[in-house]
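Reproduced below: input14.txt, with compact mmCIF, C-alpha atoms.
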# COMPACT_ATOMS: atom_id res chain seq x y z
CA MET A 1 -12.32 31.07 -1.83
CA PRO A 2 -8.84 30.30 -3.23
CA GLU A 3 -8.73 30.53 -7.03
CA ILE A 4 -7.51 26.95 -7.38
CA LEU A 5 -10.63 25.61 -5.70
CA ASP A 6 -12.85 27.59 -8.08
CA ARG A 7 -10.85 26.21 -10.97
CA ALA A 8 -11.02 22.65 -9.66
CA ARG A 9 -14.76 22.93 -9.15
CA ALA A 10 -15.26 23.98 -12.77
CA GLN A 11 -12.68 21.70 -14.35
CA VAL A 12 -12.58 18.55 -12.22
CA LEU A 13 -15.99 18.37 -10.61
CA ALA A 14 -17.99 19.60 -13.57
CA ASP A 15 -15.99 18.17 -16.45
CA GLY A 16 -13.99 15.29 -14.92
CA ALA A 17 -10.69 16.67 -16.19
CA GLY A 18 -7.88 16.34 -13.65
CA LEU A 19 -5.70 19.22 -12.53
CA ASP A 20 -2.29 19.67 -14.13
CA GLU A 21 0.97 19.76 -12.15
CA ALA A 22 0.72 23.50 -11.42
CA GLY A 23 -2.84 23.08 -10.19
CA ILE A 24 -1.88 20.11 -8.00
CA LEU A 25 0.95 22.16 -6.50
CA ALA A 26 -1.44 25.02 -5.75
CA VAL A 27 -3.69 22.55 -3.92
CA LEU A 28 -0.77 21.16 -1.92
CA ARG A 29 0.10 24.73 -0.90
CA LEU A 30 -3.37 25.61 0.37
CA ALA A 31 -3.54 26.92 3.93
CA ASP A 32 -4.84 24.78 6.78
CA GLU A 33 -7.95 26.97 6.96
CA ASP A 34 -8.84 25.93 3.40
CA LEU A 35 -8.50 22.22 4.14
CA PRO A 36 -12.17 21.51 5.00
CA GLU A 37 -13.33 23.07 1.75
CA LEU A 38 -10.66 21.20 -0.19
CA LEU A 39 -11.65 17.86 1.33
CA GLN A 40 -15.32 18.51 0.62
CA LEU A 41 -14.53 19.28 -3.02
CA ALA A 42 -12.37 16.15 -3.36
CA HIS A 43 -15.18 14.12 -1.82
CA ASP A 44 -17.71 15.64 -4.24
CA VAL A 45 -15.40 14.76 -7.14
CA ARG A 46 -15.04 11.18 -5.91
CA MET A 47 -18.81 10.80 -5.47
CA LYS A 48 -19.61 12.24 -8.89
CA TRP A 49 -16.98 10.37 -10.93
CA CYS A 50 -16.55 7.15 -8.91
CA GLY A 51 -19.71 6.80 -6.83
CA PRO A 52 -20.17 5.92 -3.18
CA GLU A 53 -18.76 2.36 -3.31
CA VAL A 54 -15.48 1.56 -1.63
CA GLU A 55 -13.26 -1.19 -3.01
CA VAL A 56 -11.89 -3.40 -0.25
CA GLU A 57 -8.70 -5.41 -0.66
CA GLY A 58 -6.47 -7.68 1.36
CA ILE A 59 -2.77 -8.18 0.67
CA VAL A 60 -0.32 -10.89 1.63
CA SER A 61 3.37 -11.47 1.23
CA LEU A 62 4.13 -14.69 -0.63
CA LYS A 63 7.86 -14.16 -0.34
CA THR A 64 9.08 -11.88 2.44
CA GLY A 65 12.51 -10.31 2.88
CA GLY A 66 15.85 -11.00 1.23
CA CYS A 67 15.19 -8.62 -1.66
CA PRO A 68 18.30 -7.65 -3.67
CA GLU A 69 17.02 -4.11 -4.32
CA ASP A 70 17.78 -1.10 -2.12
CA CYS A 71 14.46 0.76 -1.86
CA HIS A 72 15.40 2.94 1.10
CA PHE A 73 12.02 2.74 2.81
CA CYS A 74 11.75 -1.04 2.72
CA SER A 75 12.46 -3.40 5.60
CA GLN A 76 12.54 -6.32 3.17
CA SER A 77 15.74 -5.29 1.41
CA GLY A 78 18.54 -7.75 2.08
CA LEU A 79 20.99 -4.84 1.88
CA PHE A 80 19.96 -3.22 5.18
CA THR A 81 20.20 -4.34 8.81
CA SER A 82 16.46 -4.78 9.17
CA PRO A 83 15.20 -7.49 11.54
CA VAL A 84 12.90 -8.87 8.81
CA ARG A 85 14.01 -12.40 7.82
CA SER A 86 13.33 -14.14 4.54
CA VAL A 87 10.30 -16.43 4.58
CA TRP A 88 7.93 -18.02 2.03
CA LEU A 89 4.23 -18.54 2.56
CA ASP A 90 2.96 -22.05 1.74
CA ILE A 91 0.02 -22.52 -0.62
CA PRO A 92 -2.55 -23.70 1.98
CA SER A 93 -1.78 -20.61 4.07
CA LEU A 94 -2.07 -18.42 0.97
CA VAL A 95 -5.50 -19.83 0.20
CA GLU A 96 -6.57 -19.39 3.82
CA ALA A 97 -5.44 -15.74 3.71
CA ALA A 98 -7.55 -15.26 0.56
CA ARG A 99 -10.50 -16.92 2.28
CA GLN A 100 -10.18 -14.64 5.33
CA THR A 101 -9.94 -11.62 3.04
CA ALA A 102 -13.05 -12.64 1.11
CA ALA A 103 -14.91 -13.08 4.39
CA THR A 104 -14.54 -9.34 5.04
CA GLY A 105 -16.48 -8.62 1.84
CA ALA A 106 -13.32 -7.73 -0.05
CA SER A 107 -13.31 -8.17 -3.81
CA GLU A 108 -9.53 -8.02 -4.23
CA PHE A 109 -6.67 -10.15 -2.95
CA CYS A 110 -3.16 -9.12 -3.90
CA ILE A 111 -0.22 -11.53 -3.73
CA VAL A 112 3.05 -9.68 -3.17
CA ALA A 113 6.68 -10.80 -3.32
CA ALA A 114 9.81 -8.92 -2.26
CA VAL A 115 11.88 -9.41 -5.39
CA ARG A 116 13.48 -7.44 -8.20
CA GLY A 117 11.39 -9.57 -10.52
CA PRO A 118 10.01 -13.10 -10.38
CA ASP A 119 12.27 -16.12 -10.97
CA ALA A 120 11.14 -19.59 -12.04
CA ARG A 121 10.45 -20.67 -8.44
CA LEU A 122 8.23 -17.67 -7.74
CA MET A 123 6.32 -18.05 -11.01
CA ALA A 124 5.73 -21.72 -10.16
CA GLN A 125 4.40 -20.71 -6.73
CA MET A 126 2.15 -18.16 -8.41
CA ARG A 127 0.78 -20.72 -10.85
CA GLU A 128 -0.04 -23.10 -8.03
CA GLY A 129 -1.29 -20.41 -5.65
CA VAL A 130 -3.53 -18.53 -8.09
CA LYS A 131 -5.05 -21.80 -9.31
CA ALA A 132 -5.75 -22.94 -5.74
CA ILE A 133 -7.34 -19.59 -4.81
CA ARG A 134 -9.51 -19.46 -7.92
CA GLU A 135 -10.78 -22.97 -7.20
CA ALA A 136 -11.57 -22.30 -3.53
CA VAL A 137 -12.34 -18.60 -3.03
CA ASP A 138 -14.62 -16.14 -4.78
CA ILE A 139 -12.26 -13.18 -5.08
CA GLN A 140 -10.27 -11.35 -7.75
CA VAL A 141 -6.54 -12.07 -7.65
CA ALA A 142 -3.99 -9.32 -8.17
CA ALA A 143 -0.20 -9.59 -8.02
CA SER A 144 2.83 -7.49 -7.21
CA LEU A 145 6.07 -9.24 -8.14
CA GLY A 146 8.41 -6.45 -9.19
CA MET A 147 9.66 -5.89 -12.70
CA LEU A 148 8.42 -8.30 -15.36
CA THR A 149 9.46 -9.64 -18.73
CA GLN A 150 6.89 -9.81 -21.53
CA GLU A 151 6.75 -13.60 -21.08
CA GLN A 152 5.95 -13.19 -17.39
CA VAL A 153 3.25 -10.63 -18.16
CA ASP A 154 1.68 -13.08 -20.60
CA GLU A 155 1.88 -15.88 -18.07
CA LEU A 156 0.18 -13.84 -15.35
CA VAL A 157 -2.63 -13.01 -17.76
CA ALA A 158 -2.99 -16.71 -18.55
CA MET A 159 -3.17 -17.51 -14.83
CA GLY A 160 -6.12 -15.16 -14.47
CA VAL A 161 -4.39 -12.35 -12.58
CA HIS A 162 -6.58 -9.38 -13.37
CA ARG A 163 -4.62 -6.48 -11.89
CA TYR A 164 -0.89 -5.90 -11.45
CA ASN A 165 0.62 -3.59 -8.87
CA HIS A 166 3.94 -1.94 -9.53
CA ASN A 167 4.44 1.31 -7.67
CA LEU A 168 6.56 4.11 -9.07
CA GLU A 169 6.97 5.01 -5.37
CA THR A 170 7.85 8.67 -5.98
CA CYS A 171 8.33 11.16 -8.79
CA ARG A 172 10.94 10.69 -11.47
CA SER A 173 13.18 13.49 -10.21
CA PHE A 174 13.35 12.14 -6.65
CA PHE A 175 13.50 8.41 -7.41
CA PRO A 176 17.34 8.18 -7.50
CA ASN A 177 17.34 9.41 -3.87
CA VAL A 178 15.21 6.43 -2.88
CA VAL A 179 16.34 3.56 -5.11
CA THR A 180 19.72 3.08 -6.81
CA THR A 181 19.55 -0.55 -7.93
CA HIS A 182 17.08 0.10 -10.72
CA SER A 183 15.52 3.08 -12.43
CA TRP A 184 12.14 4.80 -12.51
CA GLU A 185 12.13 4.16 -16.26
CA GLU A 186 12.50 0.40 -15.73
CA ARG A 187 9.40 0.49 -13.55
CA TRP A 188 7.57 2.53 -16.18
CA GLY A 189 8.51 -0.12 -18.75
CA THR A 190 6.87 -2.87 -16.73
CA LEU A 191 3.76 -0.74 -16.29
CA THR A 192 3.56 -0.19 -20.04
CA MET A 193 3.71 -3.94 -20.68
CA VAL A 194 1.05 -4.58 -18.05
CA ARG A 195 -1.29 -2.03 -19.59
CA GLU A 196 -0.83 -3.45 -23.08
CA SER A 197 -1.59 -6.96 -21.79
CA GLY A 198 -5.09 -5.98 -20.70
CA MET A 199 -4.40 -6.41 -16.98
CA GLU A 200 -5.54 -3.48 -14.87
CA VAL A 201 -2.67 -1.23 -13.83
CA CYS A 202 -2.25 -0.51 -10.13
CA CYS A 203 0.44 2.08 -9.47
CA GLY A 204 1.01 4.43 -6.58
CA GLY A 205 3.70 5.26 -4.12
CA ILE A 206 4.77 6.50 -0.74
CA LEU A 207 4.60 10.05 0.55
CA GLY A 208 7.07 11.29 3.15
CA LEU A 209 10.27 9.88 1.64
CA GLY A 210 11.90 13.32 1.75
CA GLU A 211 10.39 14.64 -1.45
CA SER A 212 9.50 18.32 -1.68
CA VAL A 213 5.96 19.59 -2.12
CA GLU A 214 6.87 20.36 -5.73
CA GLN A 215 7.99 16.76 -6.20
CA ARG A 216 4.78 15.51 -4.63
CA ALA A 217 2.90 17.49 -7.30
CA GLU A 218 5.24 16.12 -9.96
CA PHE A 219 4.47 12.60 -8.79
CA ALA A 220 0.70 13.09 -8.93
CA ALA A 221 1.00 14.53 -12.43
CA GLN A 222 3.14 11.60 -13.58
CA LEU A 223 0.62 9.14 -12.17
CA ALA A 224 -2.17 11.02 -13.95
CA GLU A 225 -0.21 10.68 -17.19
CA LEU A 226 0.04 6.92 -16.58
CA ASP A 227 -3.71 6.88 -15.84
CA PRO A 228 -3.75 3.72 -13.70
CA HIS A 229 -6.92 1.90 -12.76
CA GLU A 230 -5.87 2.15 -9.12
CA VAL A 231 -3.48 4.32 -7.11
CA PRO A 232 -2.49 2.97 -3.70
CA LEU A 233 -1.38 5.85 -1.49
CA ASN A 234 1.10 4.95 1.24
CA PHE A 235 2.58 7.19 3.92
CA LEU A 236 6.07 6.38 5.12
CA ASN A 237 6.13 4.18 8.18
CA PRO A 238 9.83 4.51 9.07
CA ARG A 239 11.24 1.01 9.49
CA PRO A 240 14.13 0.23 11.84
CA GLY A 241 17.37 -0.50 10.05
CA THR A 242 16.42 1.17 6.76
CA PRO A 243 18.05 4.37 5.47
CA LEU A 244 14.74 6.19 6.04
CA GLY A 245 14.24 4.67 9.49
CA ASP A 246 14.66 8.02 11.25
CA ARG A 247 12.48 10.14 9.00
CA PRO A 248 9.45 11.83 10.59
CA VAL A 249 5.99 10.63 9.65
CA VAL A 250 3.93 12.85 7.35
CA GLU A 251 1.92 15.45 9.25
CA GLY A 252 -1.79 14.61 9.21
CA LYS A 253 -2.96 17.75 7.45
CA ASP A 254 -0.30 17.34 4.76
CA ALA A 255 -1.48 13.77 4.24
CA LEU A 256 -5.09 14.91 3.83
CA ARG A 257 -4.04 17.71 1.45
CA ALA A 258 -2.18 15.10 -0.61
CA ILE A 259 -5.17 12.76 -0.70
CA ALA A 260 -7.38 15.55 -1.98
CA ALA A 261 -4.73 16.71 -4.46
CA PHE A 262 -4.31 13.20 -5.90
CA ARG A 263 -8.09 12.92 -6.24
CA LEU A 264 -8.26 16.25 -8.06
CA ALA A 265 -5.46 15.05 -10.35
CA MET A 266 -7.20 11.73 -11.06
CA PRO A 267 -10.96 12.12 -10.63
CA ARG A 268 -11.89 8.66 -11.91
CA THR A 269 -9.19 6.42 -10.43
CA ILE A 270 -9.52 4.05 -7.50
CA LEU A 271 -7.57 5.92 -4.81
CA ARG A 272 -6.69 3.46 -2.10
CA TYR A 273 -5.58 3.93 1.47
CA ALA A 274 -2.52 1.71 1.85
CA GLY A 275 0.30 1.47 4.40
CA GLY A 276 1.14 4.06 7.01
CA ARG A 277 -2.31 5.62 7.41
CA GLU A 278 -2.61 4.35 10.98
CA ILE A 279 0.46 6.23 12.21
CA THR A 280 -0.01 9.24 9.95
CA LEU A 281 -3.73 9.85 10.32
CA GLY A 282 -5.05 7.68 13.14
CA ASP A 283 -8.74 6.85 13.41
CA LEU A 284 -10.03 10.40 12.91
CA GLY A 285 -7.79 11.05 9.92
CA THR A 286 -8.81 7.77 8.35
CA ARG A 287 -12.39 9.02 8.42
CA ASP A 288 -11.37 12.42 7.04
CA GLY A 289 -9.58 10.78 4.11
CA LEU A 290 -12.60 8.67 3.25
CA LEU A 291 -14.53 11.93 3.17
CA GLY A 292 -11.79 13.64 1.18
CA GLY A 293 -11.20 11.59 -1.95
CA ILE A 294 -10.32 8.03 -0.89
CA ASN A 295 -12.56 5.30 -2.32
CA ALA A 296 -10.67 2.09 -1.53
CA VAL A 297 -8.94 0.54 1.46
CA ILE A 298 -6.55 -2.25 2.30
CA VAL A 299 -8.14 -4.01 5.24
CA GLY A 300 -6.32 -5.96 7.89
CA ASN A 301 -2.57 -6.31 8.03
CA TYR A 302 0.04 -5.19 5.55
CA LEU A 303 3.10 -7.14 4.38
CA THR A 304 5.34 -6.81 7.42
CA THR A 305 3.35 -4.50 9.68
CA LEU A 306 -0.13 -4.60 11.17
CA GLY A 307 -3.17 -2.56 10.24
CA ARG A 308 -6.42 -1.73 11.96
CA PRO A 309 -8.75 -4.69 12.41
CA ALA A 310 -10.83 -5.16 9.26
CA THR A 311 -13.96 -4.78 11.37
CA ALA A 312 -12.96 -1.23 12.36
CA ASP A 313 -12.78 -0.14 8.72
CA LEU A 314 -15.94 -1.98 7.74
CA GLU A 315 -17.87 -0.41 10.63
CA LEU A 316 -16.59 3.01 9.59
CA LEU A 317 -17.73 2.45 6.00
CA GLN A 318 -21.14 1.44 7.27
CA GLU A 319 -21.33 4.55 9.44
CA LEU A 320 -20.36 6.72 6.46
CA LYS A 321 -22.98 4.95 4.30
CA MET A 322 -20.32 3.89 1.81
CA PRO A 323 -21.17 0.43 0.50
CA VAL A 324 -18.38 -2.07 -0.09
CA LYS A 325 -18.04 -2.65 -3.82
CA ALA A 326 -19.40 -6.11 -4.55
CA LEU A 327 -17.35 -8.68 -6.40
CA SER A 328 -19.97 -8.79 -9.14
CA ALA A 329 -19.45 -5.08 -9.75
CA THR A 330 -15.76 -5.64 -10.49
CA LEU A 331 -16.20 -8.42 -13.05
CA MET B 1 14.31 -12.01 28.66
CA PHE B 2 14.57 -9.77 25.63
CA CYS B 3 12.47 -7.10 23.95
CA ASP B 4 10.71 -8.79 21.03
CA ARG B 5 10.94 -5.62 18.94
CA CYS B 6 14.53 -4.43 19.28
CA GLY B 7 16.15 -7.60 20.63
CA ARG B 8 17.89 -5.85 23.54
CA SER B 9 17.57 -6.91 27.16
CA ALA B 10 14.05 -6.22 28.36
CA ALA B 11 15.40 -5.32 31.79
CA GLU B 12 17.76 -2.62 30.54
CA GLY B 13 16.75 0.69 29.01
CA ASP B 14 13.36 2.12 28.15
CA HIS B 15 11.24 -0.04 25.85
CA SER B 16 8.09 2.05 25.99
CA ALA B 17 8.62 3.13 22.36
CA CYS B 18 9.01 -0.52 21.39
CA ALA B 19 5.79 -1.38 23.21
CA ALA B 20 3.94 1.40 21.42
CA ALA B 21 5.33 0.35 18.05
CA ARG B 22 4.41 -3.28 18.72
CA GLU B 23 0.73 -2.36 18.59
CA LEU B 24 1.18 -2.13 14.82
CA GLU B 25 4.04 -4.59 14.33
CA PRO B 26 4.57 -8.30 14.90
CA PRO B 27 7.46 -9.40 17.12
CA ARG B 28 10.82 -9.77 15.38
CA PHE B 29 13.09 -11.20 18.11
CA CYS B 30 12.52 -14.23 20.31
CA PRO B 31 11.96 -12.94 23.86
CA ASP B 32 13.66 -16.03 25.24
CA CYS B 33 16.91 -16.02 23.26
CA ARG B 34 16.84 -12.85 21.10
CA ARG B 35 17.25 -14.83 17.88
CA ARG B 36 15.61 -13.12 14.90
CA MET B 37 12.39 -14.99 14.18
CA LYS B 38 10.88 -15.92 10.83
CA VAL B 39 7.71 -13.85 10.78
CA GLN B 40 4.78 -14.29 8.42
CA VAL B 41 2.13 -11.60 8.43
CA VAL B 42 -1.26 -12.44 6.89
CA PRO B 43 -4.33 -10.18 6.65
CA ALA B 44 -5.84 -11.43 9.90
CA GLY B 45 -2.79 -12.25 12.01
CA TRP B 46 0.85 -13.30 12.16
CA THR B 47 3.11 -16.19 13.16
CA ALA B 48 6.66 -15.82 14.44
CA THR B 49 8.98 -18.81 14.53
CA CYS B 50 12.15 -19.16 16.61
CA VAL B 51 14.32 -22.07 15.56
CA GLU B 52 14.89 -22.87 19.25
CA HIS B 53 11.67 -21.84 20.98
CA GLY B 54 8.98 -22.62 18.42
CA VAL B 55 6.01 -20.74 17.00
CA ARG B 56 4.16 -17.76 18.48
CA ARG B 57 0.88 -16.54 17.02
CA SER B 58 -1.23 -13.41 17.18
Taking this structure as input, can you express it in the form of structure tokens?
Amino acid sequence: MPEILDRARAQVLADGAGLDEAGILAVLRLADEDLPELLQLAHDVRMKWCGPEVEVEGIVSLKTGGCPEDCHFCSQSGLFTSPVRSVWLDIPSLVEAARQTAATGASEFCIVAAVRGPDARLMAQMREGVKAIREAVDIQVAASLGMLTQEQVDELVAMGVHRYNHNLETCRSFFPNVVTTHSWEERWGTLTMVRESGMEVCCGGILGLGESVEQRAEFAAQLAELDPHEVPLNFLNPRPGTPLGDRPVVEGKDALRAIAAFRLAMPRTILRYAGGREITLGDLGTRDGLLGGINAVIVGNYLTTLGRPATADLELLQELKMPVKALSATL
Amino acid sequence: MFCDRCGRSAAEGDHSACAAARELEPPRFCPDCRRRMKVQVVPAGWTATCVEHGVRRS
């Protein structure tokens, strides 16, 4: 057995202490033949420190496209020749999306906007939208609105937003290759304010942006330092018209190694399947990831692309005997 | 008629890659006039609106 797996078994599984950057890198460098054992260990860690429940979430774009930032993976940047046009979702449609999400058994509904940070119009839409959802639908509301001021953090708390997503996207050393219109440190600043406000911190990123294996390990270690409540793990889905539109998708075994490595770095976090899993892993890989460290899923469609039908994921969870985390368990 | 993914003529070139991609993407171009549509994706579906040819739904 590779030494790193022995070490992870003693340190992470037994004691709940995540691997450091060197350990994560050793995991990411494991041979294909060691992958089944690695996934089993990551699954054991998840079951011991998180339990069998899977947190289910739906997401929706409140404001799509026309973003002034240049995140090179994103079809919603107004700086690229992407076919995605700017559009706003009206409040009745937002509430209906929350209702459909709740009907799947999901406990989380995340409202997302393609912006650098919210302006007065977006905050007004959020006030109205969150209020309408809380009055009509039994579901926790999360938000992802870019970089925030302290006043906006306070206002989101007052609205009843319980979790805030702001992805670091990639490690600090690679970030300038992906985004030039703002810095990794600016994102970290927003995350610090969110944590101090009492909202749960949701922070993850995208694998396959061109980062090296070493940088993938760096990213996992930086996330572990942040210690977010939830880490959404995306795999690049190359979008037409973006600077990363011609990049290859992450190879399935590399994706599974990364899932397990992130779990061994953060044994207690909610590690969520997010965008790109369909093209990176397919149906079989989706199952392997759920048996290799993942304990949360985004069901249904994403912001500008489509996902598997929610029923396909829910049937898989039932088959794997992984109960959907009930709303009452999240309160 | 136009490919609703890439916006090029549906009769010219190979659009098999577009068709495959469309299984996990909503349409972006109106197949009647190739205008870019306003597309709203929600968890259980999508709508795509052409200013000239109206709304399409999943």
Determine, using all atoms listed in the file, which residues of chain A have any atom at most 9 Å from an atom of chain B, and tabulate each with its shortest atom pair and distance in Å to one decimal place, rows ordered by chain and then rising number, as CSV.
residue,atom,partner,partner_atom,distance
A:Gly58,CA,B:Pro43,CA,6.2
A:Ile59,CA,B:Pro43,CA,6.5
A:Val60,CA,B:Val42,CA,5.6
A:Ser61,CA,B:Val41,CA,7.3
A:Thr64,CA,B:Gln40,CA,7.7
A:Pro83,CA,B:Arg28,CA,6.3
A:Val84,CA,B:Arg28,CA,6.9
A:Arg85,CA,B:Lys38,CA,5.6
A:Ser86,CA,B:Lys38,CA,7.0
A:Val87,CA,B:Lys38,CA,6.3
A:Trp88,CA,B:Gln40,CA,8.0
A:Leu89,CA,B:Gln40,CA,7.3
A:Ser93,CA,B:Val42,CA,8.7
A:Leu94,CA,B:Val42,CA,8.5
A:Ala97,CA,B:Val42,CA,6.2
A:Ala98,CA,B:Pro43,CA,8.6
A:Gln100,CA,B:Ala44,CA,7.1
A:Thr101,CA,B:Pro43,CA,6.8
A:Pro240,CA,B:Cys6,CA,8.8
A:Glu278,CA,B:Leu24,CA,8.4
A:Ile279,CA,B:Leu24,CA,8.8
A:Val299,CA,B:Pro43,CA,7.4
A:Gly300,CA,B:Pro43,CA,4.8
A:Asn301,CA,B:Pro43,CA,4.5
A:Tyr302,CA,B:Pro43,CA,6.7
A:Leu303,CA,B:Val41,CA,6.1
A:Thr304,CA,B:Val41,CA,5.9
A:Thr305,CA,B:Glu25,CA,4.7
A:Leu306,CA,B:Leu24,CA,4.6
A:Gly307,CA,B:Leu24,CA,6.3
A:Arg308,CA,B:Leu24,CA,8.1
A:Pro309,CA,B:Ala44,CA,7.8
A:Ala310,CA,B:Ala44,CA,8.0
Quiz item: Near Ala124 in chain A, within 12 Å and counting all atoms listed in the file, which residues show up once chain neighbours fewer than 5 positions away are dropped, as a list of chain:residue names?
Solution: A:Leu62, A:Ile91, A:Pro118, A:Asp119, A:Gly129, A:Val130, A:Lys131, A:Gln152, A:Glu155, A:Leu156, A:Met159
Quiz item: Rounded to one decimal in Å, what is the spacing between CA of Phe175 in chain A and CA of Met199 in chain A?
Solution: 25.1 Å
Quiz item: Need the neighbours of (-15.8, -17.8, -3.0): which residues are at most 12 Å away, counting all atoms listed in the file, as a PyMOL selection string?
Solution: chain A and resi 95-96+98-109+132-141+327-328
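Near Gly285 in chain A, within 12 Å and counting all atoms listed in the file, sit Leu39, Glu251, Gly252, Lys253, Asp254, Ala255, Leu256, Arg257, Ile259, Tyr273, Gly276, Arg277, Glu278, Ile279, Thr280, Leu281, Gly289, Leu290, Leu291, Gly292, Ile294 and Leu316 of chain A; same-chain residues fewer than 4 positions away were not included.
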Would you compute an axis-aligned box for range 300-313 of chain A, covering every atom listed for it in the file with 4 Å of margin on each side, and report centre and edge lengths in Å to one decimal as AutoDock Vina command-line options?
--center_x -4.3 --center_y -3.6 --center_z 8.4 --size_x 27.3 --size_y 15.0 --size_z 16.0
Return range 25-39 of chain B, completed with N, CA and C atoms, as an mmCIF file, in the coordinates of the input.
data_model
loop_
_atom_site.group_PDB
_atom_site.id
_atom_site.type_symbol
_atom_site.label_atom_id
_atom_site.label_comp_id
_atom_site.auth_asym_id
_atom_site.auth_seq_id
_atom_site.Cartn_x
_atom_site.Cartn_y
_atom_site.Cartn_z
ATOM 1 N N GLU B 25 2.977 -3.764 14.898
ATOM 2 C CA GLU B 25 4.040 -4.590 14.330
ATOM 3 C C GLU B 25 4.010 -5.960 14.993
ATOM 4 N N PRO B 26 4.383 -7.004 14.251
ATOM 5 C CA PRO B 26 4.570 -8.300 14.900
ATOM 6 C C PRO B 26 5.915 -8.326 15.631
ATOM 7 N N PRO B 27 6.148 -9.304 16.485
ATOM 8 C CA PRO B 27 7.460 -9.400 17.120
ATOM 9 C C PRO B 27 8.512 -9.811 16.086
ATOM 10 N N ARG B 28 9.738 -9.409 16.297
ATOM 11 C CA ARG B 28 10.820 -9.770 15.380
ATOM 12 C C ARG B 28 11.903 -10.613 16.064
ATOM 13 N N PHE B 29 12.043 -10.473 17.384
ATOM 14 C CA PHE B 29 13.090 -11.200 18.110
ATOM 15 C C PHE B 29 12.438 -12.130 19.126
ATOM 16 N N CYS B 30 13.032 -13.294 19.304
ATOM 17 C CA CYS B 30 12.520 -14.230 20.310
ATOM 18 C C CYS B 30 12.779 -13.630 21.699
ATOM 19 N N PRO B 31 11.753 -13.509 22.516
ATOM 20 C CA PRO B 31 11.960 -12.940 23.860
ATOM 21 C C PRO B 31 12.754 -13.845 24.783
ATOM 22 N N ASP B 32 12.905 -15.099 24.405
ATOM 23 C CA ASP B 32 13.660 -16.030 25.240
ATOM 24 C C ASP B 32 15.156 -16.029 24.926
ATOM 25 N N CYS B 33 15.496 -15.871 23.635
ATOM 26 C CA CYS B 33 16.910 -16.020 23.260
ATOM 27 C C CYS B 33 17.412 -14.905 22.335
ATOM 28 N N ARG B 34 16.572 -13.993 21.971
ATOM 29 C CA ARG B 34 16.840 -12.850 21.100
ATOM 30 C C ARG B 34 17.236 -13.216 19.670
ATOM 31 N N ARG B 35 17.052 -14.483 19.283
ATOM 32 C CA ARG B 35 17.250 -14.830 17.880
ATOM 33 C C ARG B 35 16.206 -14.080 17.042
ATOM 34 N N ARG B 36 16.604 -13.683 15.816
ATOM 35 C CA ARG B 36 15.610 -13.120 14.900
ATOM 36 C C ARG B 36 14.662 -14.241 14.477
ATOM 37 N N MET B 37 13.380 -13.963 14.532
ATOM 38 C CA MET B 37 12.390 -14.990 14.180
ATOM 39 C C MET B 37 11.967 -14.848 12.727
ATOM 40 N N LYS B 38 11.513 -15.963 12.157
ATOM 41 C CA LYS B 38 10.880 -15.920 10.830
ATOM 42 C C LYS B 38 9.427 -15.531 11.053
ATOM 43 N N VAL B 39 9.043 -14.397 10.516
ATOM 44 C CA VAL B 39 7.710 -13.850 10.780
ATOM 45 C C VAL B 39 6.893 -13.815 9.495
#
